[in-house]
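Coordinates as given in input-v8.pdb (PDB, C-alpha atoms and all ligand atoms):
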ATOM      1  CA  MET U  22      -3.935  18.818 -25.692
ATOM      2  CA  SER U  23      -6.338  15.970 -24.902
ATOM      3  CA  PRO U  24      -8.658  16.279 -21.870
ATOM      4  CA  SER U  25      -6.761  13.549 -20.009
ATOM      5  CA  ALA U  26      -3.412  15.235 -20.687
ATOM      6  CA  SER U  27      -4.708  18.489 -19.222
ATOM      7  CA  LYS U  28      -6.218  16.897 -16.095
ATOM      8  CA  ARG U  29      -5.001  18.745 -13.036
ATOM      9  CA  LYS U  30      -2.702  16.690 -10.852
ATOM     10  CA  ILE U  31      -2.260  16.781  -7.097
ATOM     11  CA  ASN U  32       1.119  18.371  -6.380
ATOM     12  CA  LEU U  33       3.091  16.414  -3.816
ATOM     13  CA  LYS U  34       5.917  18.383  -2.221
ATOM     14  CA  ARG U  35       7.678  15.626  -0.330
ATOM     15  CA  ILE U  36       7.107  12.391   1.554
ATOM     16  CA  GLY U  37       6.380  13.295   5.178
ATOM     17  CA  HIS U  38       5.800  10.290   7.393
ATOM     18  CA  VAL U  39       4.759   6.648   7.534
ATOM     19  CA  TYR U  40       2.364   4.552   9.624
ATOM     20  CA  TYR U  41       2.861   1.041  10.957
ATOM     21  CA  SER U  42       0.816  -0.986  13.455
ATOM     22  CA  HIS U  43       2.585  -3.473  15.685
ATOM     23  CA  LYS U  44       1.160  -6.230  17.879
ATOM     24  CA  ASN U  45       3.950  -5.574  20.361
ATOM     25  CA  LEU U  46       4.383  -1.805  20.550
ATOM     26  CA  GLU U  47       7.114  -1.937  23.223
ATOM     27  CA  ILE U  48       9.366  -4.188  21.150
ATOM     28  CA  ALA U  49       8.710  -2.043  18.057
ATOM     29  CA  HIS U  50       9.568   1.042  20.117
ATOM     30  CA  GLN U  51      12.933  -0.349  21.196
ATOM     31  CA  PHE U  52      13.858  -1.154  17.585
ATOM     32  CA  LEU U  53      12.911   2.357  16.450
ATOM     33  CA  LEU U  54      15.115   3.881  19.172
ATOM     34  CA  ASP U  55      17.981   1.648  18.069
ATOM     35  CA  PHE U  56      17.260   2.633  14.444
ATOM     36  CA  GLY U  57      17.825   6.307  15.339
ATOM     37  CA  LEU U  58      14.336   7.816  15.665
ATOM     38  CA  ILE U  59      13.318  10.287  18.388
ATOM     39  CA  PRO U  60       9.960   9.845  20.183
ATOM     40  CA  VAL U  61       8.023  13.124  20.375
ATOM     41  CA  ARG U  62       4.571  12.172  21.608
ATOM     42  CA  ARG U  63       3.155   9.093  23.258
ATOM     43  CA  THR U  64      -0.407   8.039  24.047
ATOM     44  CA  GLU U  65      -1.549   4.658  25.340
ATOM     45  CA  ASP U  66      -1.535   3.077  21.866
ATOM     46  CA  THR U  67       0.411   5.462  19.593
ATOM     47  CA  ILE U  68       3.987   6.756  19.483
ATOM     48  CA  TYR U  69       5.120   9.485  17.079
ATOM     49  CA  TYR U  70       8.816   9.769  16.184
ATOM     50  CA  ARG U  71      10.713  12.567  14.506
ATOM     51  CA  GLY U  72      14.101  12.602  12.829
ATOM     52  CA  TYR U  73      16.617  15.366  13.488
ATOM     53  CA  GLY U  74      15.282  17.308  10.476
ATOM     54  CA  THR U  75      12.415  19.772  10.353
ATOM     55  CA  GLU U  76       9.457  17.374   9.911
ATOM     56  CA  PRO U  77       7.260  17.300  13.049
ATOM     57  CA  PHE U  78       7.218  13.504  12.816
ATOM     58  CA  ILE U  79       8.339  10.907  10.282
ATOM     59  CA  TYR U  80       7.113   7.584  11.750
ATOM     60  CA  CYS U  81       3.937   6.773  13.646
ATOM     61  CA  ALA U  82       3.751   3.430  15.477
ATOM     62  CA  LYS U  83       0.345   2.226  16.625
ATOM     63  CA  LYS U  84      -0.553  -0.758  18.741
ATOM     64  CA  GLY U  85      -2.654  -3.134  16.622
ATOM     65  CA  THR U  86      -4.082  -6.631  16.571
ATOM     66  CA  GLU U  87      -1.911  -7.352  13.513
ATOM     67  CA  ASP U  88       1.448  -6.109  12.244
ATOM     68  CA  THR U  89       0.270  -3.916   9.383
ATOM     69  CA  PHE U  90       1.494  -1.123   7.138
ATOM     70  CA  GLY U  91      -0.721   1.954   7.395
ATOM     71  CA  GLY U  92       0.524   3.919   4.375
ATOM     72  CA  THR U  93       2.655   7.004   3.865
ATOM     73  CA  ALA U  94       1.713  10.657   4.189
ATOM     74  CA  TRP U  95       2.747  13.296   1.651
ATOM     75  CA  VAL U  96       2.954  17.041   2.093
ATOM     76  CA  VAL U  97       0.988  18.836  -0.666
ATOM     77  CA  ASP U  98       1.468  22.331  -2.104
ATOM     78  CA  SER U  99      -1.895  23.892  -1.252
ATOM     79  CA  ILE U 100      -5.314  23.391   0.259
ATOM     80  CA  SER U 101      -6.670  23.065  -3.292
ATOM     81  CA  ASP U 102      -4.554  19.905  -3.666
ATOM     82  CA  LEU U 103      -6.375  18.474  -0.644
ATOM     83  CA  GLU U 104      -9.710  19.506  -2.181
ATOM     84  CA  LEU U 105      -8.779  17.686  -5.362
ATOM     85  CA  ALA U 106      -7.877  14.582  -3.327
ATOM     86  CA  THR U 107     -11.373  14.335  -1.819
ATOM     87  CA  SER U 108     -12.572  12.917  -5.155
ATOM     88  CA  LEU U 109     -10.112   9.971  -5.019
ATOM     89  CA  PRO U 110     -11.344   6.441  -4.096
ATOM     90  CA  GLY U 111     -12.519   6.149  -0.486
ATOM     91  CA  ALA U 112     -11.373   9.688   0.321
ATOM     92  CA  THR U 113     -12.227  11.316   3.623
ATOM     93  CA  PRO U 114     -13.307  14.946   3.774
ATOM     94  CA  ILE U 115     -10.589  17.475   4.650
ATOM     95  CA  HIS U 116     -10.144  17.368   8.405
ATOM     96  CA  ASP U 117      -7.860  18.793  11.091
ATOM     97  CA  SER U 118      -4.930  16.611  12.117
ATOM     98  CA  ASP U 119      -4.311  15.920  15.794
ATOM     99  CA  ALA U 120      -0.824  14.556  15.046
ATOM    100  CA  PRO U 121       2.345  16.547  15.887
ATOM    101  CA  GLY U 122       2.592  19.557  13.564
ATOM    102  CA  GLY U 123      -1.181  19.717  13.065
ATOM    103  CA  GLY U 124      -2.390  20.874   9.654
ATOM    104  CA  LYS U 125      -5.192  19.524   7.537
ATOM    105  CA  ARG U 126      -5.386  16.144   5.881
ATOM    106  CA  VAL U 127      -7.203  13.758   3.574
ATOM    107  CA  THR U 128      -6.874   9.963   3.461
ATOM    108  CA  PHE U 129      -7.775   7.935   0.380
ATOM    109  CA  TYR U 130      -7.311   4.333  -0.775
ATOM    110  CA  GLU U 131      -5.514   3.565  -4.033
ATOM    111  CA  PRO U 132      -7.717   1.448  -6.306
ATOM    112  CA  VAL U 133      -5.432  -1.532  -7.035
ATOM    113  CA  ASP U 134      -4.751  -2.960  -3.571
ATOM    114  CA  ASN U 135      -6.689  -0.554  -1.332
ATOM    115  CA  CYS U 136      -3.584   0.763   0.417
ATOM    116  CA  PRO U 137      -4.253   3.953   2.400
ATOM    117  CA  TRP U 138      -2.490   7.167   1.360
ATOM    118  CA  HIS U 139      -2.508  10.323   3.449
ATOM    119  CA  LEU U 140      -2.078  13.906   2.241
ATOM    120  CA  VAL U 141      -1.176  16.749   4.602
ATOM    121  CA  TYR U 142      -1.177  20.525   4.252
ATOM    122  CA  GLY U 143      -0.213  23.230   6.744
ATOM    123  CA  GLN U 144       1.872  21.196   9.170
ATOM    124  CA  GLU U 145       4.135  23.269  11.386
ATOM    125  CA  ALA U 146       7.825  22.531  10.898
ATOM    126  CA  VAL U 147      10.124  21.985  13.879
ATOM    127  CA  GLU U 148      13.676  23.182  14.515
ATOM    128  CA  MET U 149      16.519  20.884  13.481
ATOM    129  CA  ALA U 150      17.341  18.746  16.508
ATOM    130  CA  GLN U 151      20.988  18.117  15.671
ATOM    131  CA  THR U 152      23.678  19.271  13.287
ATOM    132  CA  PHE U 153      26.677  17.396  11.915
ATOM    133  CA  SER U 154      29.966  18.580  10.474
ATOM    134  CA  GLU U 155      30.924  17.435   7.000
ATOM    135  CA  LEU U 156      34.110  15.403   7.328
ATOM    136  CA  SER U 157      37.369  16.351   5.676
ATOM    137  CA  TYR U 158      38.836  13.341   3.855
ATOM    138  CA  ASN U 159      42.421  12.586   3.048
ATOM    139  CA  PHE U 160      42.939  11.115  -0.424
ATOM    140  CA  PRO U 161      46.240   9.650  -1.679
ATOM    141  CA  THR U 162      47.418  12.825  -3.378
ATOM    142  CA  SER U 163      44.952  15.339  -1.980
ATOM    143  CA  LYS U 164      44.893  15.884   1.771
ATOM    144  CA  HIS U 165      42.014  17.818   3.327
ATOM    145  CA  ARG U 166      42.733  17.350   7.021
ATOM    146  CA  PRO U 167      45.505  19.371   8.658
ATOM    147  CA  VAL U 168      48.287  17.569  10.468
ATOM    148  CA  ASN U 169      47.240  16.149  13.851
ATOM    149  CA  GLN U 170      43.526  16.491  13.087
ATOM    150  CA  THR U 171      41.875  13.125  13.732
ATOM    151  CA  GLN U 172      38.610  11.418  12.813
ATOM    152  CA  ARG U 173      36.854  10.325  16.019
ATOM    153  CA  PHE U 174      33.332   9.015  16.366
ATOM    154  CA  LYS U 175      30.833   8.183  19.086
ATOM    155  CA  LYS U 176      29.229   4.751  19.036
ATOM    156  CA  GLY U 177      25.448   4.462  18.978
ATOM    157  CA  PRO U 178      22.371   4.558  16.746
ATOM    158  CA  ALA U 179      22.527   6.490  13.450
ATOM    159  CA  PRO U 180      20.381   9.601  13.921
ATOM    160  CA  VAL U 181      17.776   9.651  11.146
ATOM    161  CA  HIS U 182      17.304  12.881   9.187
ATOM    162  CA  LYS U 183      14.120  12.244   7.201
ATOM    163  CA  ILE U 184      12.032   9.618   5.449
ATOM    164  CA  GLY U 185      13.256   9.502   1.862
ATOM    165  CA  HIS U 186      11.184   6.896   0.042
ATOM    166  CA  PHE U 187       9.069   3.797   0.341
ATOM    167  CA  GLY U 188       8.152   0.908  -1.928
ATOM    168  CA  LEU U 189       5.157  -1.329  -2.563
ATOM    169  CA  CYS U 190       4.581  -4.700  -4.188
ATOM    170  CA  VAL U 191       1.356  -4.177  -6.176
ATOM    171  CA  THR U 192      -0.831  -6.804  -7.850
ATOM    172  CA  ASP U 193      -1.394  -4.879 -11.113
ATOM    173  CA  TYR U 194       1.582  -2.813 -12.272
ATOM    174  CA  ASN U 195      -0.042  -1.136 -15.262
ATOM    175  CA  THR U 196      -3.181  -0.020 -13.414
ATOM    176  CA  ALA U 197      -1.098   1.260 -10.504
ATOM    177  CA  PHE U 198       1.231   3.121 -12.887
ATOM    178  CA  GLY U 199      -1.761   4.750 -14.598
ATOM    179  CA  PHE U 200      -3.370   5.771 -11.321
ATOM    180  CA  TYR U 201      -0.282   7.337  -9.748
ATOM    181  CA  LEU U 202       0.869   9.178 -12.870
ATOM    182  CA  GLU U 203      -2.578  10.421 -13.792
ATOM    183  CA  ASN U 204      -3.358  11.834 -10.354
ATOM    184  CA  PHE U 205      -0.008  13.001  -8.964
ATOM    185  CA  ASN U 206       3.174  14.772 -10.057
ATOM    186  CA  PHE U 207       5.118  11.510 -10.067
ATOM    187  CA  LYS U 208       7.573  11.001 -12.926
ATOM    188  CA  PRO U 209       9.594   7.827 -13.550
ATOM    189  CA  SER U 210      13.330   8.069 -13.016
ATOM    190  CA  GLU U 211      13.643   4.409 -13.979
ATOM    191  CA  VAL U 212      11.350   1.877 -15.628
ATOM    192  CA  ILE U 213      12.451  -1.759 -15.533
ATOM    193  CA  PHE U 214      11.091  -4.336 -17.961
ATOM    194  CA  ASN U 215      11.047  -8.099 -18.118
ATOM    195  CA  PRO U 216      13.567  -9.030 -20.877
ATOM    196  CA  ASP U 217      11.419 -12.001 -21.999
ATOM    197  CA  THR U 218       7.959 -10.418 -22.118
ATOM    198  CA  LYS U 219       9.221  -6.823 -22.585
ATOM    199  CA  SER U 220       6.488  -5.690 -20.182
ATOM    200  CA  ASP U 221       7.260  -3.119 -17.493
ATOM    201  CA  ILE U 222       7.474  -4.613 -14.006
ATOM    202  CA  THR U 223       9.120  -2.049 -11.710
ATOM    203  CA  THR U 224       9.395   1.724 -11.546
ATOM    204  CA  PHE U 225      11.253   4.246  -9.404
ATOM    205  CA  LEU U 226       9.371   7.552  -9.283
ATOM    206  CA  HIS U 227      10.490  11.042  -8.321
ATOM    207  CA  LEU U 228       8.341  14.078  -7.661
ATOM    208  CA  ASP U 229       8.200  16.372 -10.678
ATOM    209  CA  ARG U 230       9.008  19.761  -9.130
ATOM    210  CA  GLY U 231      10.246  21.409 -12.333
ATOM    211  CA  SER U 232      13.821  22.660 -12.054
ATOM    212  CA  GLU U 233      13.998  21.934  -8.298
ATOM    213  CA  TRP U 234      16.466  19.185  -7.377
ATOM    214  CA  VAL U 235      14.617  16.239  -5.867
ATOM    215  CA  ASP U 236      15.516  12.733  -4.723
ATOM    216  CA  HIS U 237      15.911  10.166  -7.531
ATOM    217  CA  HIS U 238      12.958   8.250  -6.078
ATOM    218  CA  SER U 239      10.534   8.870  -3.264
ATOM    219  CA  PHE U 240       8.249   5.972  -4.258
ATOM    220  CA  PHE U 241       8.817   2.745  -6.155
ATOM    221  CA  PHE U 242       6.643  -0.241  -6.887
ATOM    222  CA  PHE U 243       6.833  -3.558  -8.652
ATOM    223  CA  GLU U 244       4.302  -6.249  -9.510
ATOM    224  CA  GLY U 245       3.936  -9.407  -7.453
ATOM    225  CA  PRO U 246       1.326 -11.959  -6.457
ATOM    226  CA  SER U 247       0.339 -10.350  -3.154
ATOM    227  CA  PHE U 248       0.281  -6.744  -2.038
ATOM    228  CA  HIS U 249       2.716  -5.696   0.680
ATOM    229  CA  VAL U 250       4.975  -2.852   1.669
ATOM    230  CA  HIS U 251       8.531  -3.588   0.522
ATOM    231  CA  HIS U 252      10.386  -1.148   2.744
ATOM    232  CA  SER U 253      10.508   2.407   4.033
ATOM    233  CA  SER U 254      13.792   4.261   3.814
ATOM    234  CA  PHE U 255      15.368   6.891   6.031
ATOM    235  CA  GLU U 256      18.287   9.175   5.291
ATOM    236  CA  VAL U 257      21.226   9.466   7.667
ATOM    237  CA  PHE U 258      24.059  11.989   7.532
ATOM    238  CA  ASP U 259      27.029  10.206   6.024
ATOM    239  CA  PHE U 260      28.679   6.848   5.526
ATOM    240  CA  ASP U 261      30.415   6.798   8.918
ATOM    241  CA  ILE U 262      27.126   7.537  10.690
ATOM    242  CA  GLN U 263      25.481   4.823   8.597
ATOM    243  CA  MET U 264      28.161   2.278   9.558
ATOM    244  CA  LEU U 265      28.013   3.314  13.228
ATOM    245  CA  GLY U 266      24.262   2.669  13.034
ATOM    246  CA  HIS U 267      24.897  -0.669  11.328
ATOM    247  CA  GLN U 268      27.323  -1.657  14.067
ATOM    248  CA  HIS U 269      24.825  -0.620  16.744
ATOM    249  CA  LEU U 270      22.045  -2.744  15.212
ATOM    250  CA  VAL U 271      24.445  -5.713  14.888
ATOM    251  CA  GLU U 272      25.451  -5.405  18.547
ATOM    252  CA  LYS U 273      21.777  -5.232  19.580
ATOM    253  CA  GLY U 274      21.160  -8.534  17.783
ATOM    254  CA  TYR U 275      18.757  -7.353  15.074
ATOM    255  CA  ASP U 276      18.483  -9.190  11.741
ATOM    256  CA  ASN U 277      20.185  -7.525   8.811
ATOM    257  CA  CYS U 278      18.222  -7.899   5.569
ATOM    258  CA  TRP U 279      20.689  -6.602   2.995
ATOM    259  CA  GLY U 280      23.634  -4.270   3.246
ATOM    260  CA  VAL U 281      25.681  -2.306   3.542
ATOM    261  CA  GLY U 282      25.911  -1.875  -0.249
ATOM    262  CA  ARG U 283      25.701   0.613  -3.113
ATOM    263  CA  HIS U 284      22.665   0.660  -5.417
ATOM    264  CA  VAL U 285      22.910   1.359  -9.143
ATOM    265  CA  MET U 286      19.514   3.025  -9.660
ATOM    266  CA  GLY U 287      19.591   6.052  -7.353
ATOM    267  CA  SER U 288      23.238   5.340  -6.406
ATOM    268  CA  GLN U 289      22.544   5.415  -2.683
ATOM    269  CA  ILE U 290      24.486   3.401  -0.124
ATOM    270  CA  PHE U 291      21.860   1.180   1.447
ATOM    271  CA  ASP U 292      21.481  -0.793   4.671
ATOM    272  CA  TYR U 293      18.231  -2.759   5.106
ATOM    273  CA  TRP U 294      17.098  -4.113   8.478
ATOM    274  CA  PHE U 295      14.197  -6.229   9.728
ATOM    275  CA  ASP U 296      12.308  -4.769  12.649
ATOM    276  CA  LYS U 297      10.896  -7.245  15.166
ATOM    277  CA  SER U 298       7.531  -7.293  13.345
ATOM    278  CA  GLY U 299       9.206  -8.373  10.100
ATOM    279  CA  PHE U 300       9.016  -5.006   8.301
ATOM    280  CA  VAL U 301      12.088  -3.793   6.431
ATOM    281  CA  LEU U 302      13.481  -0.333   7.162
ATOM    282  CA  GLU U 303      16.476   1.144   5.355
ATOM    283  CA  HIS U 304      19.181   3.612   6.298
ATOM    284  CA  TYR U 305      20.620   5.338   3.226
ATOM    285  CA  VAL U 306      23.149   8.023   2.319
ATOM    286  CA  ASP U 307      24.374   9.708  -0.851
ATOM    287  CA  GLY U 308      21.358   9.268  -3.147
ATOM    288  CA  ASP U 309      21.151  10.887  -6.606
ATOM    289  CA  LEU U 310      19.172  14.038  -7.340
ATOM    290  CA  VAL U 311      17.098  14.651 -10.475
ATOM    291  CA  ASN U 312      14.893  17.368 -11.976
ATOM    292  CA  GLU U 313      12.832  18.122 -15.083
ATOM    293  CA  ASP U 314      15.898  17.716 -17.301
ATOM    294  CA  THR U 315      16.442  14.115 -16.173
ATOM    295  CA  PRO U 316      15.284  11.628 -18.815
ATOM    296  CA  THR U 317      13.479   8.441 -17.799
ATOM    297  CA  ASN U 318      15.875   5.495 -17.974
ATOM    298  CA  ARG U 319      14.352   2.241 -19.262
ATOM    299  CA  VAL U 320      16.375  -0.890 -18.502
ATOM    300  CA  GLU U 321      15.855  -4.636 -18.441
ATOM    301  CA  ALA U 322      15.614  -6.426 -15.119
ATOM    302  CA  LYS U 323      18.827  -8.092 -14.003
ATOM    303  CA  ASP U 324      20.701  -8.446 -10.735
ATOM    304  CA  ALA U 325      23.592  -6.306 -12.008
ATOM    305  CA  HIS U 326      21.217  -3.326 -12.091
ATOM    306  CA  LEU U 327      20.365  -3.704  -8.406
ATOM    307  CA  HIS U 328      23.692  -3.099  -6.733
ATOM    308  CA  ILE U 329      27.346  -2.695  -7.625
ATOM    309  CA  TRP U 330      28.794  -3.828  -4.304
ATOM    310  CA  GLY U 331      27.530  -4.917  -0.961
ATOM    311  CA  MET U 332      27.431  -7.388   1.843
ATOM    312  CA  CYS U 333      24.631  -9.897   2.036
ATOM    313  CA  LEU U 334      24.408 -11.230   5.582
ATOM    314  CA  PHE U 335      20.881 -12.577   5.834
ATOM    315  CA  GLY U 336      18.969 -12.719   2.554
ATOM    316  CA  GLY U 337      18.393 -10.403  -0.347
ATOM    317  CA  GLY U 338      20.474 -10.434  -3.512
TER     318      GLY U 338
HETATM  319 FE    FE C 401      15.234   1.842  -0.663
END
What does the file become when written as structure tokens?
Ligand SMILES: [Fe+2]
Amino acid sequence: MSPSASKRKINLKRIGHVYYSHKNLEIAHQFLLDFGLIPVRRTEDTIYYRGYGTEPFIYCAKKGTEDTFGGTAWVVDSISDLELATSLPGATPIHDSDAPGGGKRVTFYEPVDNCPWHLVYGQEAVEMAQTFSELSYNFPTSKHRPVNQTQRFKKGPAPVHKIGHFGLCVTDYNTAFGFYLENFNFKPSEVIFNPDTKSDITTFLHLDRGSEWVDHHSFFFFEGPSFHVHHSSFEVFDFDIQMLGHQHLVEKGYDNCWGVGRHVMGSQIFDYWFDKSGFVLEHYVDGDLVNEDTPTNRVEAKDAHLHIWGMCLFGGG
């Protein structure tokens, strides 16, 4: 085994939370409530939000002079993973977190576009805030709901369970790909290439956790002329909840970006929305799971690989 192949990687367990700064924190706050997040702590210039799952928080909104993306935070396996991270570009020492859940953390800056990344260990989990019943569906020849049992729903925002993935537009795909795969347990679920040049331009990465079932992607990136966050994505319970959330955001007058629709890569039903600062947040349900037995799929870029069905109300494809 070559020295580079045996280099120890930082083991990421899951994506934990995301940071955004907003010029108008109050307007951002109202959108996040309508999007289905739950505020858990507020200071003069920072609001932390949880989902109904066990993460102490999943979104941190800060008041800023600009609308900016502040990076994602990832839960790592051990304190030694944090120690390893202190040698990454621009890394802070290990320090105590004063965010909800506490724990210890390191921040570093990836070398291609200088985007901050945050690693967390030892956060305290919280109790689930809400539970949902799995619906019984009636199919044409297979009925799962007894006679006189109805489906009834309550209107309102779609409660968010967790953050599931996020995506970046990077200015150098190959260098970014090398950095993330060399230093972390990321493994491509999909690699997409330009059919003319044959060069790779987009990847969807999952966390290599051996035989454990993990989300098809928790991070994706593609190459473009200027660095920016593409979107952050949040899981909701089921399709009805997702559509109730869609309806709520429509009635509140927010701008739909793309959706509702069904992706091909990852299979999830998506619904992308613009917040009032212009960032895109997604509600999703029913994403694929993968593990060490899942081969990397390499496909050429074309619209048919993006989605199989879906509404396009505002922009997108
Ligand atoms: Fe997404």
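Checking U:His43, U:His252, U:Lys273, U:His139 one by one against ligand FE 401 (chain C), counting all atoms listed in the file, you find the shortest gap at U:His252.
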How close does chain U get to ligand FE 401 (chain C)? List, as JSON lines, each residue of chain U within 8 Å, its nearest atom pair and the distance in Å to one decimal, counting only C-alpha atoms and all ligand atoms.
{"residue": "U:His186", "atom": "CA", "partner": "C:FE401", "partner_atom": "FE", "distance": 6.5}
{"residue": "U:Phe187", "atom": "CA", "partner": "C:FE401", "partner_atom": "FE", "distance": 6.5}
{"residue": "U:Gly188", "atom": "CA", "partner": "C:FE401", "partner_atom": "FE", "distance": 7.3}
{"residue": "U:His252", "atom": "CA", "partner": "C:FE401", "partner_atom": "FE", "distance": 6.6}
{"residue": "U:Ser253", "atom": "CA", "partner": "C:FE401", "partner_atom": "FE", "distance": 6.7}
{"residue": "U:Ser254", "atom": "CA", "partner": "C:FE401", "partner_atom": "FE", "distance": 5.3}
{"residue": "U:Phe291", "atom": "CA", "partner": "C:FE401", "partner_atom": "FE", "distance": 7.0}
{"residue": "U:Tyr293", "atom": "CA", "partner": "C:FE401", "partner_atom": "FE", "distance": 8.0}
{"residue": "U:Glu303", "atom": "CA", "partner": "C:FE401", "partner_atom": "FE", "distance": 6.2}
{"residue": "U:Tyr305", "atom": "CA", "partner": "C:FE401", "partner_atom": "FE", "distance": 7.5}
For Phe78 of chain U, list every protein, DNA or RNA residue within 8 Å, evaluated using all atoms listed in the file, and leave out those in the same chain fewer than 2 positions away; present the list as a short mmCIF file (atom, residue, chain, number, x, y, z; two decimals) with C-alpha atoms, in the coordinates of the input.
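result15.cif, written as the output of this step:
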data_model
loop_
_atom_site.label_atom_id
_atom_site.label_comp_id
_atom_site.auth_asym_id
_atom_site.auth_seq_id
_atom_site.Cartn_x
_atom_site.Cartn_y
_atom_site.Cartn_z
CA GLY U 37 6.38 13.30 5.18
CA HIS U 38 5.80 10.29 7.39
CA VAL U 61 8.02 13.12 20.38
CA TYR U 69 5.12 9.48 17.08
CA TYR U 70 8.82 9.77 16.18
CA ARG U 71 10.71 12.57 14.51
CA GLY U 72 14.10 12.60 12.83
CA GLU U 76 9.46 17.37 9.91
CA TYR U 80 7.11 7.58 11.75
CA CYS U 81 3.94 6.77 13.65
CA PRO U 121 2.35 16.55 15.89
CA GLY U 122 2.59 19.56 13.56
#
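Every residue that the PyMOL selection byres (((chain U and resi 176) around 12) and not hetatm) selects in this file is listed here: Asp55, Arg173, Phe174, Lys175, Gly177, Pro178, Ala179, Pro180, Asp261, Ile262, Gln263, Met264, Leu265, Gly266, His267, Gln268, His269, Leu270 and Glu272 of chain U.
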Pick out the residues sitting within 8 Å of Thr89 of chain U, and hand them over as an mmCIF file with C-alpha atoms, keeping the file's coordinate frame; count only C-alpha atoms, and ignore anything fewer than 2 positions along from it in its own chain.
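Final output, selection29.cif:
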data_model
loop_
_atom_site.group_PDB
_atom_site.id
_atom_site.type_symbol
_atom_site.label_atom_id
_atom_site.label_comp_id
_atom_site.auth_asym_id
_atom_site.auth_seq_id
_atom_site.Cartn_x
_atom_site.Cartn_y
_atom_site.Cartn_z
ATOM 1 C CA TYR U 41 2.861 1.041 10.957
ATOM 2 C CA SER U 42 0.816 -0.986 13.455
ATOM 3 C CA HIS U 43 2.585 -3.473 15.685
ATOM 4 C CA GLY U 85 -2.654 -3.134 16.622
ATOM 5 C CA GLU U 87 -1.911 -7.352 13.513
ATOM 6 C CA GLY U 91 -0.721 1.954 7.395
#
Counting all atoms listed in the file, closest pick from U:Val133, U:Phe153, U:Ser210, U:Gly331 relative to Glu244 of chain U is U:Val133
Leaving out Ser232 of chain U and any residue of its chain fewer than 2 positions from it, which residues lie within 10 Å of it when counting only C-alpha atoms, given as an mmCIF file with C-alpha atoms, in the frame of the given file?
data_model
loop_
_atom_site.group_PDB
_atom_site.id
_atom_site.type_symbol
_atom_site.label_atom_id
_atom_site.label_comp_id
_atom_site.auth_asym_id
_atom_site.auth_seq_id
_atom_site.Cartn_x
_atom_site.Cartn_y
_atom_site.Cartn_z
ATOM 1 C CA ASP U 229 8.200 16.372 -10.678
ATOM 2 C CA ARG U 230 9.008 19.761 -9.130
ATOM 3 C CA TRP U 234 16.466 19.185 -7.377
ATOM 4 C CA VAL U 235 14.617 16.239 -5.867
ATOM 5 C CA VAL U 311 17.098 14.651 -10.475
ATOM 6 C CA ASN U 312 14.893 17.368 -11.976
ATOM 7 C CA GLU U 313 12.832 18.122 -15.083
ATOM 8 C CA ASP U 314 15.898 17.716 -17.301
ATOM 9 C CA THR U 315 16.442 14.115 -16.173
#
Please expand the PyMOL selection byres (((chain U and resi 250) around 12) and not hetatm) into the concrete residues it hits in this file, giving the result as an NGL selection string.
:U and (39-41 or 88-93 or 134 or 136-137 or 186-192 or 240-245 or 247-249 or 251-254 or 299-302)
If the PyMOL selection byres (((chain U and resi 205) around 8) and not hetatm) is run on the structure shown, which residues does it catch, given as number ranges by chain?
U: 30-33, 201-204, 206-207
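Using only C-alpha atoms, the nearest neighbour of Glu211 of chain U within the list U:Phe198, U:Trp279, U:Tyr158, U:Phe225 is U:Phe225.
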Completion of segment 227-234 of chain U up to N, CA, C and O atoms, as a tab-separated table (two decimals), in the frame of the given file:
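What landed in out.tsv:
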chain	number	residue	atom	x	y	z
U	227	HIS	N	10.17	9.84	-9.09
U	227	HIS	CA	10.49	11.04	-8.32
U	227	HIS	C	9.32	12.01	-8.43
U	227	HIS	O	8.41	11.83	-9.24
U	228	LEU	N	9.36	13.05	-7.61
U	228	LEU	CA	8.34	14.08	-7.66
U	228	LEU	C	8.76	15.12	-8.69
U	228	LEU	O	9.87	15.68	-8.59
U	229	ASP	N	7.90	15.37	-9.66
U	229	ASP	CA	8.20	16.37	-10.68
U	229	ASP	C	7.97	17.75	-10.08
U	229	ASP	O	6.84	18.20	-9.92
U	230	ARG	N	9.07	18.41	-9.71
U	230	ARG	CA	9.01	19.76	-9.13
U	230	ARG	C	9.71	20.75	-10.06
U	230	ARG	O	10.35	21.69	-9.60
U	231	GLY	N	9.63	20.51	-11.36
U	231	GLY	CA	10.25	21.41	-12.33
U	231	GLY	C	11.76	21.38	-12.24
U	231	GLY	O	12.37	20.32	-12.26
U	232	SER	N	12.36	22.57	-12.08
U	232	SER	CA	13.82	22.66	-12.05
U	232	SER	C	14.40	22.34	-10.67
U	232	SER	O	15.62	22.18	-10.52
U	233	GLU	N	13.54	22.24	-9.67
U	233	GLU	CA	14.00	21.93	-8.30
U	233	GLU	C	14.69	20.57	-8.27
U	233	GLU	O	14.23	19.62	-8.91
U	234	TRP	N	15.76	20.47	-7.52
U	234	TRP	CA	16.47	19.18	-7.38
U	234	TRP	C	15.72	18.33	-6.36
U	234	TRP	O	15.48	18.77	-5.22
